Number of protein chains: 2
Amino acid sequence: MTVLFSRKCEYALQGILYLAENQEQGNISAEQIASDLSISKDFISKTLQSLVKDGIVISHRGKTGGFSLARDSESISLLEIVLIIDGNGVFESCVLGLPTCGSESPCPVHSKWGPLREASRNMLATTTVSQFNPVESGLVI
Amino acid sequence: MTVLFSRKCEYALQGILYLAENQEQGNISAEQIASDLSISKDFISKTLQSLVKDGIVISHRGKTGGFSLARDSESISLLEIVLIIDGNGVFESCVLGLPTCGSESPCPVHSKWGPLREASRNMLATTTVSQFNPVESGLVI
DNA sequence: ACAAAAACGGACTAATAAGTCCGATTATGA
DNA sequence: TCATAATCGGACTTATTAGTCCGTTTTTGT
């Protein structure tokens, strides 16, 4: 079991963080990403391709091809990635899986889960891909 | 996708809350639970059987058989159910799925997710099955 | 005694997610 | 020009989860 996101979404997040951290390299091949993250090349490749479609990532074919960020890393939030890959079900559905749960007929944990869900969403919305790029964030001397 | 728990776990939680809410009925058949919760009879039956093995639920065969709580509803926390069905991976694993993530080498959201995870766990640990039984909680006149 | 109705157990099937493979296309550099 | 190395697309396979089926056992009420 994963925690909050699908495996595909986890890989997407890992992948885009990797791209951000290694921006100076220019195009980065799926091969390299997969090797460094110890995941499947074909799978991360497919996953990044869906981010290409949504304009988060740019891809280049050919010998020196690979992937790179389509936008400024500071403008890409983790939430954006999650919504693209997994949708917003995590932030809408009842945590107990009750289809009828809502503000009219809340489940036992409805009011308690609400703030946590909002905090999770907020964490993802306010965390950008650039935030942990050592170079950009100035954390490295 | 489910939010935090497997479908099986969601059903277990729904089922045990149902048992608590309808304690006065004594034995409650899988048939009735399934019908009221709009889920599969066979599946909820199987799920409750694993709670029987862990001493949360008691089962009785035969014509008037069914399921009932094995312990005082105030002593059964939601967390207990979650740990039995899904284990504690949700509270241990990296939310980005990074195997190396930990306090030594934290992932980008490690420090932010920690408190949320603890709050989630705490919510489940402090919410008992009795809490929302209308009769026991005195919410019903 | 016996029919009915329940959980139990185990094997089975279905659905979904995860991951793989391969041929086609595109671009580069020698 | 041509070999090489990359993404792309689609079909495919595998793994996991979800859900079903059915015969057996147990218990109760008539």
# chains A, B, ... in the order shown; residues from 1 in each chain; ligands from 1
>>> select_by_dssp(residues="segment 49-123 of chain B", states="alpha helix (DSSP H)", output="list in words")
Gln49, Ser50, Leu51, Val52, Lys53, Leu78, Leu79, Glu80, Ile81, Val82, Leu83, Ile84, Ile85, Asp86, His110, Ser111, Lys112, Trp113, Gly114, Pro115, Leu116, Arg117, Glu118, Ala119, Ser120, Arg121, Asn122 and Met123 of chain B
>>> select_by_dssp(residues="chain A", states="strand (DSSP E or B)", output="compact mmCIF listing (two decimals) with N, CA, C and O atoms, in the first residue's frame")
# COMPACT_ATOMS: atom_id res chain seq x y z
N ILE A 28 17.42 15.48 -19.54
CA ILE A 28 17.81 14.32 -18.76
C ILE A 28 17.01 13.12 -19.25
O ILE A 28 15.78 13.19 -19.35
N VAL A 57 6.23 19.40 -18.19
CA VAL A 57 7.55 18.91 -18.59
C VAL A 57 7.67 19.03 -20.10
O VAL A 57 6.68 18.94 -20.83
N ILE A 58 8.89 19.27 -20.55
CA ILE A 58 9.16 19.28 -21.99
C ILE A 58 10.01 18.07 -22.32
O ILE A 58 10.88 17.68 -21.54
N SER A 59 9.74 17.47 -23.46
CA SER A 59 10.56 16.34 -23.86
C SER A 59 11.24 16.63 -25.20
O SER A 59 10.72 17.38 -26.02
N HIS A 60 12.40 16.02 -25.38
CA HIS A 60 13.11 16.13 -26.65
C HIS A 60 13.55 14.74 -27.08
O HIS A 60 14.13 14.01 -26.30
N GLY A 66 15.68 13.98 -24.02
CA GLY A 66 15.40 13.72 -22.62
C GLY A 66 14.29 14.64 -22.14
O GLY A 66 13.59 15.26 -22.94
N PHE A 67 14.17 14.74 -20.82
CA PHE A 67 13.12 15.57 -20.25
C PHE A 67 13.70 16.77 -19.50
O PHE A 67 14.81 16.71 -18.99
N SER A 68 12.92 17.84 -19.47
CA SER A 68 13.28 18.99 -18.64
C SER A 68 12.00 19.71 -18.23
O SER A 68 10.94 19.44 -18.78
N LEU A 69 12.11 20.62 -17.28
CA LEU A 69 10.93 21.33 -16.82
C LEU A 69 10.44 22.30 -17.89
O LEU A 69 11.24 22.96 -18.55
N SER A 77 3.83 23.51 -8.34
CA SER A 77 3.56 22.98 -7.01
C SER A 77 3.38 21.47 -7.07
O SER A 77 3.00 20.91 -8.11
N THR A 128 6.72 24.03 -3.65
CA THR A 128 7.04 24.02 -5.07
C THR A 128 8.23 23.12 -5.33
O THR A 128 8.96 22.74 -4.41
>>> closest_atom_pairs(of="chain D", to="chain A", cutoff="7 Å", atoms="only C-alpha atoms (C1' of nucleotides)", output="tab-separated table")
residue	atom	partner	partner_atom	distance
D:DT4	C1'	A:Lys63	CA	7.0
D:DA5	C1'	A:Lys63	CA	4.4
D:DA6	C1'	A:Gly62	CA	4.4
D:DT7	C1'	A:Arg61	CA	4.8
>>> closest_residue(among="B:Ser6, B:Asn88, B:Ser111, B:Ser130", to="DA18 of chain D", atoms="only C-alpha atoms (C1' of nucleotides)")
B:Ser6
>>> residues_around(residues="DA15 of chain C", least_positions_apart="5", cutoff="12 Å", atoms="only C-alpha atoms (C1' of nucleotides)", output="list in words")
DT16, DT17, DA18 and DG19 of chain D
>>> interface_residues(of="chain C", to="chain A", cutoff="10 Å", atoms="only C-alpha atoms (C1' of nucleotides)", output="list in words")
DA17, DA18, DG19, DT20, DC21, DT25, DT26, DA27, DT28 and DG29 of chain C
>>> interface_residues(of="chain B", to="chain A", cutoff="7 Å", atoms="only C-alpha atoms", output="NGL selection string")
:B and (3-4 or 10 or 13-14 or 90 or 93 or 95-97 or 108 or 116 or 132)
>>> write_last_selection(atoms="C-alpha atoms", output="PDB file, in the first residue's frame")
ATOM      1  CA  VAL B   3      -8.029   7.995   0.477  1.00  0.00           C
ATOM      2  CA  LEU B   4      -5.895   6.455   3.168  1.00  0.00           C
ATOM      3  CA  GLU B  10     -12.965   0.988   4.909  1.00  0.00           C
ATOM      4  CA  LEU B  13     -14.505   0.471   9.832  1.00  0.00           C
ATOM      5  CA  GLN B  14     -17.978   0.922   8.437  1.00  0.00           C
ATOM      6  CA  VAL B  90       0.506   4.386   6.314  1.00  0.00           C
ATOM      7  CA  SER B  93       6.206   5.098   4.842  1.00  0.00           C
ATOM      8  CA  VAL B  95       4.504   9.969   1.407  1.00  0.00           C
ATOM      9  CA  LEU B  96       6.487  10.327  -1.831  1.00  0.00           C
ATOM     10  CA  GLY B  97       7.391   6.654  -1.763  1.00  0.00           C
ATOM     11  CA  PRO B 108      11.267  17.400   0.413  1.00  0.00           C
ATOM     12  CA  LEU B 116       0.044  15.574   9.622  1.00  0.00           C
ATOM     13  CA  PHE B 132     -20.868   8.062  17.686  1.00  0.00           C
TER      14      PHE B 132
END
>>> atom_distance(atom1="atom C1' of DA7 of chain C", atom2="atom CA of Glu21 of chain B")
21.3 Å
